[in-house]
$ cat run.cif   # mmCIF, N, CA and C atoms
data_final
#
loop_
_atom_site.label_atom_id
_atom_site.label_comp_id
_atom_site.auth_asym_id
_atom_site.auth_seq_id
_atom_site.Cartn_x
_atom_site.Cartn_y
_atom_site.Cartn_z
N MET A 21 -78.24 9.03 -34.30
CA MET A 21 -77.33 10.12 -34.60
C MET A 21 -76.22 9.68 -35.55
N PHE A 22 -75.65 8.50 -35.29
CA PHE A 22 -74.57 8.01 -36.16
C PHE A 22 -75.02 7.92 -37.61
N TYR A 23 -76.20 7.38 -37.85
CA TYR A 23 -76.63 7.19 -39.23
C TYR A 23 -76.86 8.51 -39.95
N GLU A 24 -77.36 9.50 -39.24
CA GLU A 24 -77.53 10.80 -39.87
C GLU A 24 -76.18 11.36 -40.30
N LEU A 25 -75.19 11.26 -39.44
CA LEU A 25 -73.83 11.71 -39.78
C LEU A 25 -73.24 10.86 -40.91
N LEU A 26 -73.46 9.56 -40.81
CA LEU A 26 -72.95 8.65 -41.84
C LEU A 26 -73.50 9.01 -43.21
N TYR A 27 -74.79 9.19 -43.29
CA TYR A 27 -75.42 9.48 -44.58
C TYR A 27 -74.89 10.79 -45.19
N LYS A 28 -74.67 11.78 -44.34
CA LYS A 28 -74.12 13.04 -44.83
C LYS A 28 -72.69 12.86 -45.35
N GLU A 29 -71.89 12.10 -44.62
CA GLU A 29 -70.52 11.83 -45.06
C GLU A 29 -70.51 11.00 -46.34
N LEU A 30 -71.42 10.06 -46.44
CA LEU A 30 -71.48 9.25 -47.65
C LEU A 30 -71.89 10.07 -48.86
N GLY A 31 -72.78 11.03 -48.67
CA GLY A 31 -73.14 11.91 -49.78
C GLY A 31 -71.92 12.63 -50.32
N LYS A 32 -71.05 13.07 -49.42
CA LYS A 32 -69.81 13.73 -49.83
C LYS A 32 -68.89 12.75 -50.56
N LEU A 33 -68.71 11.57 -49.99
CA LEU A 33 -67.83 10.57 -50.59
C LEU A 33 -68.33 10.15 -51.97
N PHE A 34 -69.62 9.93 -52.10
CA PHE A 34 -70.19 9.50 -53.38
C PHE A 34 -70.15 10.64 -54.40
N TYR A 35 -70.34 11.88 -53.93
CA TYR A 35 -70.19 13.03 -54.83
C TYR A 35 -68.75 13.10 -55.33
N TYR A 36 -67.80 12.97 -54.44
CA TYR A 36 -66.39 13.00 -54.82
C TYR A 36 -66.10 11.92 -55.87
N THR A 37 -66.65 10.74 -55.67
CA THR A 37 -66.44 9.64 -56.62
C THR A 37 -67.02 9.99 -57.99
N ALA A 38 -68.23 10.49 -58.01
CA ALA A 38 -68.88 10.81 -59.28
C ALA A 38 -68.21 12.00 -59.98
N ASN A 39 -67.69 12.91 -59.21
CA ASN A 39 -67.15 14.15 -59.77
C ASN A 39 -65.63 14.10 -59.99
N ILE A 40 -65.01 12.96 -59.81
CA ILE A 40 -63.56 12.88 -59.93
C ILE A 40 -63.08 13.34 -61.31
N ASP A 41 -63.91 13.17 -62.31
CA ASP A 41 -63.54 13.60 -63.66
C ASP A 41 -64.02 15.01 -63.98
N GLY A 42 -64.57 15.70 -62.98
CA GLY A 42 -64.98 17.08 -63.16
C GLY A 42 -66.42 17.29 -63.60
N LYS A 43 -67.16 16.21 -63.78
CA LYS A 43 -68.55 16.34 -64.22
C LYS A 43 -69.38 15.18 -63.68
N ILE A 44 -70.56 15.52 -63.17
CA ILE A 44 -71.50 14.50 -62.71
C ILE A 44 -72.34 14.08 -63.91
N GLN A 45 -72.29 12.81 -64.24
CA GLN A 45 -73.07 12.29 -65.35
C GLN A 45 -74.44 11.84 -64.84
N SER A 46 -75.45 11.92 -65.69
CA SER A 46 -76.80 11.49 -65.28
C SER A 46 -76.79 10.01 -64.92
N SER A 47 -75.98 9.22 -65.58
CA SER A 47 -75.90 7.80 -65.28
C SER A 47 -75.34 7.56 -63.87
N GLU A 48 -74.43 8.42 -63.43
CA GLU A 48 -73.89 8.31 -62.07
C GLU A 48 -74.94 8.67 -61.03
N ARG A 49 -75.70 9.71 -61.34
CA ARG A 49 -76.78 10.13 -60.43
C ARG A 49 -77.85 9.03 -60.34
N GLU A 50 -78.19 8.43 -61.47
CA GLU A 50 -79.18 7.35 -61.48
C GLU A 50 -78.68 6.12 -60.72
N ALA A 51 -77.40 5.82 -60.89
CA ALA A 51 -76.82 4.68 -60.16
C ALA A 51 -76.92 4.91 -58.66
N LEU A 52 -76.60 6.13 -58.23
CA LEU A 52 -76.70 6.45 -56.80
C LEU A 52 -78.13 6.30 -56.31
N LYS A 53 -79.07 6.86 -57.04
CA LYS A 53 -80.48 6.78 -56.65
C LYS A 53 -80.92 5.32 -56.50
N LYS A 54 -80.57 4.50 -57.47
CA LYS A 54 -80.94 3.08 -57.44
C LYS A 54 -80.30 2.37 -56.24
N LEU A 55 -79.04 2.66 -55.97
CA LEU A 55 -78.35 2.01 -54.86
C LEU A 55 -78.90 2.45 -53.51
N ILE A 56 -79.28 3.72 -53.40
CA ILE A 56 -79.91 4.17 -52.15
C ILE A 56 -81.19 3.38 -51.92
N GLU A 57 -82.00 3.26 -52.95
CA GLU A 57 -83.27 2.53 -52.82
C GLU A 57 -83.07 1.05 -52.53
N GLU A 58 -82.10 0.44 -53.19
CA GLU A 58 -81.92 -1.01 -53.08
C GLU A 58 -81.04 -1.45 -51.91
N HIS A 59 -80.09 -0.59 -51.50
CA HIS A 59 -79.13 -1.05 -50.50
C HIS A 59 -79.08 -0.22 -49.22
N TRP A 60 -79.40 1.06 -49.31
CA TRP A 60 -79.28 1.91 -48.13
C TRP A 60 -80.60 2.11 -47.40
N ALA A 61 -81.70 2.19 -48.14
CA ALA A 61 -83.01 2.37 -47.49
C ALA A 61 -83.30 1.17 -46.60
N GLY A 62 -83.75 1.44 -45.42
CA GLY A 62 -84.09 0.36 -44.49
C GLY A 62 -82.90 -0.20 -43.74
N LEU A 63 -81.73 0.41 -43.89
CA LEU A 63 -80.54 -0.05 -43.17
C LEU A 63 -80.77 0.00 -41.67
N GLU A 64 -81.49 1.02 -41.27
CA GLU A 64 -81.83 1.18 -39.85
C GLU A 64 -83.21 1.81 -39.77
N GLU A 65 -83.70 2.01 -38.59
CA GLU A 65 -85.10 2.37 -38.40
C GLU A 65 -85.41 3.86 -38.38
N SER A 66 -84.41 4.72 -38.39
CA SER A 66 -84.70 6.15 -38.20
C SER A 66 -85.37 6.77 -39.43
N THR A 67 -86.15 7.78 -39.14
CA THR A 67 -86.84 8.54 -40.19
C THR A 67 -86.67 10.02 -39.89
N ASP A 68 -86.91 10.84 -40.92
CA ASP A 68 -86.86 12.28 -40.70
C ASP A 68 -88.20 12.75 -40.15
N GLU A 69 -88.34 14.06 -40.01
CA GLU A 69 -89.58 14.61 -39.42
C GLU A 69 -90.81 14.36 -40.28
N PHE A 70 -90.62 13.96 -41.54
CA PHE A 70 -91.73 13.68 -42.44
C PHE A 70 -92.01 12.18 -42.55
N GLY A 71 -91.25 11.38 -41.82
CA GLY A 71 -91.44 9.94 -41.84
C GLY A 71 -90.69 9.24 -42.96
N SER A 72 -89.84 9.95 -43.66
CA SER A 72 -89.05 9.35 -44.75
C SER A 72 -87.81 8.69 -44.20
N ASP A 73 -87.38 7.65 -44.87
CA ASP A 73 -86.16 6.95 -44.49
C ASP A 73 -84.98 7.91 -44.49
N GLN A 74 -84.17 7.85 -43.46
CA GLN A 74 -83.03 8.76 -43.34
C GLN A 74 -81.99 8.58 -44.44
N SER A 75 -81.99 7.45 -45.13
CA SER A 75 -81.00 7.23 -46.18
C SER A 75 -81.12 8.27 -47.30
N GLY A 76 -82.24 8.94 -47.37
CA GLY A 76 -82.41 10.02 -48.34
C GLY A 76 -81.41 11.15 -48.12
N LEU A 77 -80.83 11.21 -46.92
CA LEU A 77 -79.81 12.22 -46.65
C LEU A 77 -78.58 12.02 -47.53
N ILE A 78 -78.35 10.81 -47.99
CA ILE A 78 -77.21 10.58 -48.89
C ILE A 78 -77.39 11.42 -50.15
N ALA A 79 -78.55 11.31 -50.77
CA ALA A 79 -78.82 12.07 -51.99
C ALA A 79 -78.85 13.56 -51.71
N PHE A 80 -79.43 13.94 -50.57
CA PHE A 80 -79.48 15.36 -50.21
C PHE A 80 -78.07 15.92 -50.06
N SER A 81 -77.20 15.20 -49.36
CA SER A 81 -75.83 15.63 -49.17
C SER A 81 -75.08 15.69 -50.50
N PHE A 82 -75.29 14.69 -51.35
CA PHE A 82 -74.70 14.66 -52.69
C PHE A 82 -75.10 15.91 -53.46
N ASP A 83 -76.40 16.20 -53.48
CA ASP A 83 -76.91 17.37 -54.21
C ASP A 83 -76.38 18.67 -53.62
N PHE A 84 -76.30 18.73 -52.30
CA PHE A 84 -75.78 19.92 -51.64
C PHE A 84 -74.33 20.15 -52.04
N GLU A 85 -73.54 19.11 -52.01
CA GLU A 85 -72.12 19.25 -52.38
C GLU A 85 -71.98 19.66 -53.83
N GLU A 86 -72.85 19.15 -54.68
CA GLU A 86 -72.80 19.55 -56.09
C GLU A 86 -73.14 21.04 -56.22
N ALA A 87 -74.16 21.48 -55.53
CA ALA A 87 -74.57 22.88 -55.60
C ALA A 87 -73.50 23.82 -55.04
N GLU A 88 -72.83 23.36 -53.99
CA GLU A 88 -71.81 24.18 -53.34
C GLU A 88 -70.44 24.05 -53.98
N GLY A 89 -70.28 23.06 -54.86
CA GLY A 89 -68.98 22.85 -55.50
C GLY A 89 -67.93 22.35 -54.53
N LEU A 90 -68.20 21.23 -53.89
CA LEU A 90 -67.28 20.65 -52.91
C LEU A 90 -65.86 20.60 -53.46
N GLU A 91 -64.96 21.18 -52.73
CA GLU A 91 -63.54 21.16 -53.10
C GLU A 91 -62.75 20.63 -51.91
N ASP A 92 -61.51 20.29 -52.17
CA ASP A 92 -60.62 19.82 -51.11
C ASP A 92 -61.19 18.63 -50.35
N TYR A 93 -61.80 17.73 -51.07
CA TYR A 93 -62.33 16.52 -50.46
C TYR A 93 -61.72 15.33 -51.17
N ASP A 94 -61.36 14.33 -50.41
CA ASP A 94 -60.94 13.06 -50.96
C ASP A 94 -61.16 12.01 -49.90
N VAL A 95 -60.71 10.83 -50.14
CA VAL A 95 -60.94 9.75 -49.19
C VAL A 95 -60.29 10.08 -47.85
N LYS A 96 -59.20 10.84 -47.87
CA LYS A 96 -58.55 11.24 -46.62
C LYS A 96 -59.49 12.08 -45.76
N ALA A 97 -60.40 12.82 -46.38
CA ALA A 97 -61.36 13.61 -45.62
C ALA A 97 -62.42 12.72 -44.97
N PHE A 98 -62.68 11.55 -45.55
CA PHE A 98 -63.63 10.61 -44.98
C PHE A 98 -63.00 9.81 -43.83
N ALA A 99 -61.69 9.66 -43.87
CA ALA A 99 -60.97 8.83 -42.90
C ALA A 99 -61.22 9.19 -41.43
N PRO A 100 -61.15 10.47 -41.03
CA PRO A 100 -61.39 10.79 -39.62
C PRO A 100 -62.77 10.35 -39.13
N PHE A 101 -63.77 10.52 -39.98
CA PHE A 101 -65.11 10.08 -39.60
C PHE A 101 -65.13 8.57 -39.41
N TYR A 102 -64.54 7.85 -40.36
CA TYR A 102 -64.49 6.39 -40.27
C TYR A 102 -63.76 5.95 -39.00
N ILE A 103 -62.62 6.54 -38.74
CA ILE A 103 -61.83 6.14 -37.57
C ILE A 103 -62.58 6.44 -36.28
N GLN A 104 -63.23 7.58 -36.22
CA GLN A 104 -63.98 7.95 -35.02
C GLN A 104 -65.12 6.97 -34.72
N TYR A 105 -65.80 6.50 -35.77
CA TYR A 105 -66.97 5.64 -35.59
C TYR A 105 -66.73 4.21 -36.07
N LYS A 106 -65.48 3.81 -36.14
CA LYS A 106 -65.12 2.52 -36.72
C LYS A 106 -65.95 1.36 -36.15
N ASP A 107 -66.20 1.38 -34.86
CA ASP A 107 -66.94 0.28 -34.24
C ASP A 107 -68.39 0.19 -34.73
N LYS A 108 -68.90 1.23 -35.34
CA LYS A 108 -70.27 1.22 -35.85
C LYS A 108 -70.35 0.81 -37.32
N PHE A 109 -69.20 0.74 -37.99
CA PHE A 109 -69.15 0.33 -39.39
C PHE A 109 -69.14 -1.19 -39.46
N THR A 110 -70.31 -1.75 -39.63
CA THR A 110 -70.42 -3.21 -39.73
C THR A 110 -69.83 -3.66 -41.06
N PRO A 111 -69.52 -4.94 -41.19
CA PRO A 111 -69.07 -5.43 -42.50
C PRO A 111 -70.07 -5.11 -43.61
N SER A 112 -71.35 -5.16 -43.30
CA SER A 112 -72.38 -4.85 -44.28
C SER A 112 -72.30 -3.39 -44.74
N ILE A 113 -72.10 -2.47 -43.82
CA ILE A 113 -71.99 -1.06 -44.18
C ILE A 113 -70.75 -0.83 -45.03
N ARG A 114 -69.64 -1.41 -44.61
CA ARG A 114 -68.41 -1.25 -45.40
C ARG A 114 -68.61 -1.80 -46.82
N GLN A 115 -69.26 -2.94 -46.92
CA GLN A 115 -69.51 -3.54 -48.24
C GLN A 115 -70.41 -2.65 -49.09
N LYS A 116 -71.43 -2.07 -48.48
CA LYS A 116 -72.34 -1.17 -49.21
C LYS A 116 -71.60 0.07 -49.71
N ILE A 117 -70.70 0.58 -48.92
CA ILE A 117 -69.92 1.75 -49.33
C ILE A 117 -69.07 1.41 -50.55
N LEU A 118 -68.38 0.29 -50.49
CA LEU A 118 -67.54 -0.12 -51.62
C LEU A 118 -68.38 -0.39 -52.86
N LEU A 119 -69.50 -1.06 -52.68
CA LEU A 119 -70.41 -1.36 -53.79
C LEU A 119 -70.90 -0.07 -54.44
N THR A 120 -71.28 0.90 -53.62
CA THR A 120 -71.82 2.15 -54.14
C THR A 120 -70.74 2.95 -54.87
N CYS A 121 -69.58 3.07 -54.28
CA CYS A 121 -68.48 3.78 -54.97
C CYS A 121 -68.16 3.10 -56.29
N ASP A 122 -68.09 1.78 -56.29
CA ASP A 122 -67.76 1.04 -57.50
C ASP A 122 -68.84 1.23 -58.57
N ALA A 123 -70.10 1.14 -58.18
CA ALA A 123 -71.20 1.29 -59.14
C ALA A 123 -71.24 2.69 -59.73
N ILE A 124 -71.00 3.70 -58.91
CA ILE A 124 -70.96 5.06 -59.42
C ILE A 124 -69.81 5.19 -60.41
N GLY A 125 -68.68 4.61 -60.06
CA GLY A 125 -67.51 4.67 -60.92
C GLY A 125 -67.70 4.00 -62.27
N LYS A 126 -68.50 2.97 -62.30
CA LYS A 126 -68.73 2.22 -63.54
C LYS A 126 -69.97 2.69 -64.30
N ALA A 127 -70.73 3.59 -63.72
CA ALA A 127 -72.01 3.99 -64.31
C ALA A 127 -71.87 4.71 -65.64
N HIS A 128 -70.78 5.41 -65.82
CA HIS A 128 -70.57 6.16 -67.07
C HIS A 128 -69.34 5.59 -67.77
N ARG A 129 -69.57 4.90 -68.86
CA ARG A 129 -68.50 4.34 -69.68
C ARG A 129 -67.66 3.29 -68.97
N GLY A 130 -68.25 2.55 -68.09
CA GLY A 130 -67.55 1.44 -67.46
C GLY A 130 -66.48 1.86 -66.47
N ASP A 131 -65.50 1.01 -66.32
CA ASP A 131 -64.46 1.22 -65.32
C ASP A 131 -63.59 2.42 -65.68
N ASN A 132 -63.34 3.26 -64.69
CA ASN A 132 -62.54 4.47 -64.85
C ASN A 132 -61.38 4.40 -63.86
N ARG A 133 -60.18 4.66 -64.31
CA ARG A 133 -59.00 4.53 -63.46
C ARG A 133 -59.09 5.40 -62.20
N ASP A 134 -59.48 6.67 -62.35
CA ASP A 134 -59.56 7.57 -61.19
C ASP A 134 -60.61 7.09 -60.19
N GLU A 135 -61.75 6.67 -60.70
CA GLU A 135 -62.80 6.20 -59.82
C GLU A 135 -62.41 4.86 -59.18
N ARG A 136 -61.70 4.02 -59.91
CA ARG A 136 -61.19 2.75 -59.36
C ARG A 136 -60.23 3.04 -58.21
N GLU A 137 -59.42 4.08 -58.34
CA GLU A 137 -58.48 4.43 -57.27
C GLU A 137 -59.21 4.85 -56.00
N ILE A 138 -60.37 5.48 -56.15
CA ILE A 138 -61.17 5.84 -54.97
C ILE A 138 -61.63 4.59 -54.26
N VAL A 139 -62.15 3.63 -55.00
CA VAL A 139 -62.60 2.37 -54.40
C VAL A 139 -61.44 1.70 -53.68
N GLU A 140 -60.30 1.68 -54.31
CA GLU A 140 -59.12 1.06 -53.70
C GLU A 140 -58.68 1.80 -52.43
N ALA A 141 -58.77 3.13 -52.45
CA ALA A 141 -58.40 3.92 -51.27
C ALA A 141 -59.36 3.67 -50.11
N VAL A 142 -60.64 3.56 -50.41
CA VAL A 142 -61.63 3.26 -49.37
C VAL A 142 -61.39 1.85 -48.82
N GLN A 143 -61.12 0.91 -49.70
CA GLN A 143 -60.82 -0.46 -49.28
C GLN A 143 -59.59 -0.47 -48.37
N TYR A 144 -58.57 0.26 -48.75
CA TYR A 144 -57.36 0.35 -47.93
C TYR A 144 -57.67 0.95 -46.56
N LEU A 145 -58.47 2.00 -46.53
CA LEU A 145 -58.87 2.62 -45.25
C LEU A 145 -59.53 1.58 -44.36
N PHE A 146 -60.45 0.81 -44.91
CA PHE A 146 -61.16 -0.20 -44.12
C PHE A 146 -60.21 -1.27 -43.61
N GLU A 147 -59.23 -1.64 -44.40
CA GLU A 147 -58.27 -2.68 -44.00
C GLU A 147 -57.23 -2.16 -43.01
N ALA A 148 -56.85 -0.89 -43.14
CA ALA A 148 -55.79 -0.33 -42.32
C ALA A 148 -56.23 -0.02 -40.88
N TYR A 149 -57.52 0.23 -40.69
CA TYR A 149 -58.01 0.61 -39.35
C TYR A 149 -59.04 -0.34 -38.84
#

$ encode --input "run.cif" --output "structure tokens"
Amino acid sequence: MFYELLYKELGKLFYYTANIDGKIQSSEREALKKLIEEHWAGLEESTDEFGSDQSGLIAFSFDFEEAEGLEDYDVKAFAPFYIQYKDKFTPSIRQKILLTCDAIGKAHRGDNRDEREIVEAVQYLFEAY
């Protein structure tokens, strides 16, 4: 259950990171897809009803938020989820989150100040709680 919720929350967080400049770039979407395949798939054993790795929910949530036009979301919106399940966030999961936010931020034209601030805010959240 935790991982299903985690993946949905991560889709929102990663969408927020990619969309901070008001537009999702194809390079950001490709970076997310690659990171899901390389770092999130196989994190745990659960699968959906079709036998697919649950990490696909990250991309599904990302796409859903894009279609719905997610508003009023920022790292502060992720914080309650993190605090509630803090004991389940292993160092590996925290590192994967930072890596993914950073890679999305750098996927289009390198380092971006706004996207860098998201990574820093997530890092601060992890350190503060």

$ closest_residue --input "run.cif" --among "A:Tyr23, A:Glu48, A:Asp41, A:Leu30" --to "Leu63 of chain A" --atoms "only C-alpha atoms"
A:Tyr23

$ residues_around --input "run.cif" --residues "segment 109-126 of chain A" --least-positions-apart "5" --cutoff "7 Å" --atoms "only C-alpha atoms" --output "ChimeraX atom specification"
/A:34,37-38,48,51-52,55,59,131-132,135-136,139

$ atom_distance --input "run.cif" --atom1 "atom C of Phe101 of chain A" --atom2 "atom C of Leu145 of chain A"
10.2 Å

$ resolve_selection --input "run.cif" --expression "the PyMOL selection byres ((chain A and resi 75) around 8)" --output "MDAnalysis selection string"
chainID A and resid 23:24 27:28 56:57 60:64 66:68 72:74 76:80

$ atom_distance --input "run.cif" --atom1 "atom C of Arg49 of chain A" --atom2 "atom CA of Phe82 of chain A"
10.0 Å

$ select_by_dssp --input "run.cif" --residues "chain A" --states "alpha helix (DSSP H)" --output "number ranges by chain"
A: 22-38, 46-55, 76-88, 95-104, 111-127, 133-148

$ residues_near_point --input "run.cif" --point "(-60.2, 5.0, -47.8)" --cutoff "9 Å" --atoms "only C-alpha atoms" --output "PyMOL selection string"
chain A and resi 94-99+102+138-148

$ closest_residue --input "run.cif" --among "A:Lys43, A:Asp134, A:Tyr149, A:Glu65" --to "Pro100 of chain A" --atoms "only C-alpha atoms"
A:Tyr149

$ atom_distance --input "run.cif" --atom1 "atom CA of Arg133 of chain A" --atom2 "atom C of Leu25 of chain A"
27.4 Å
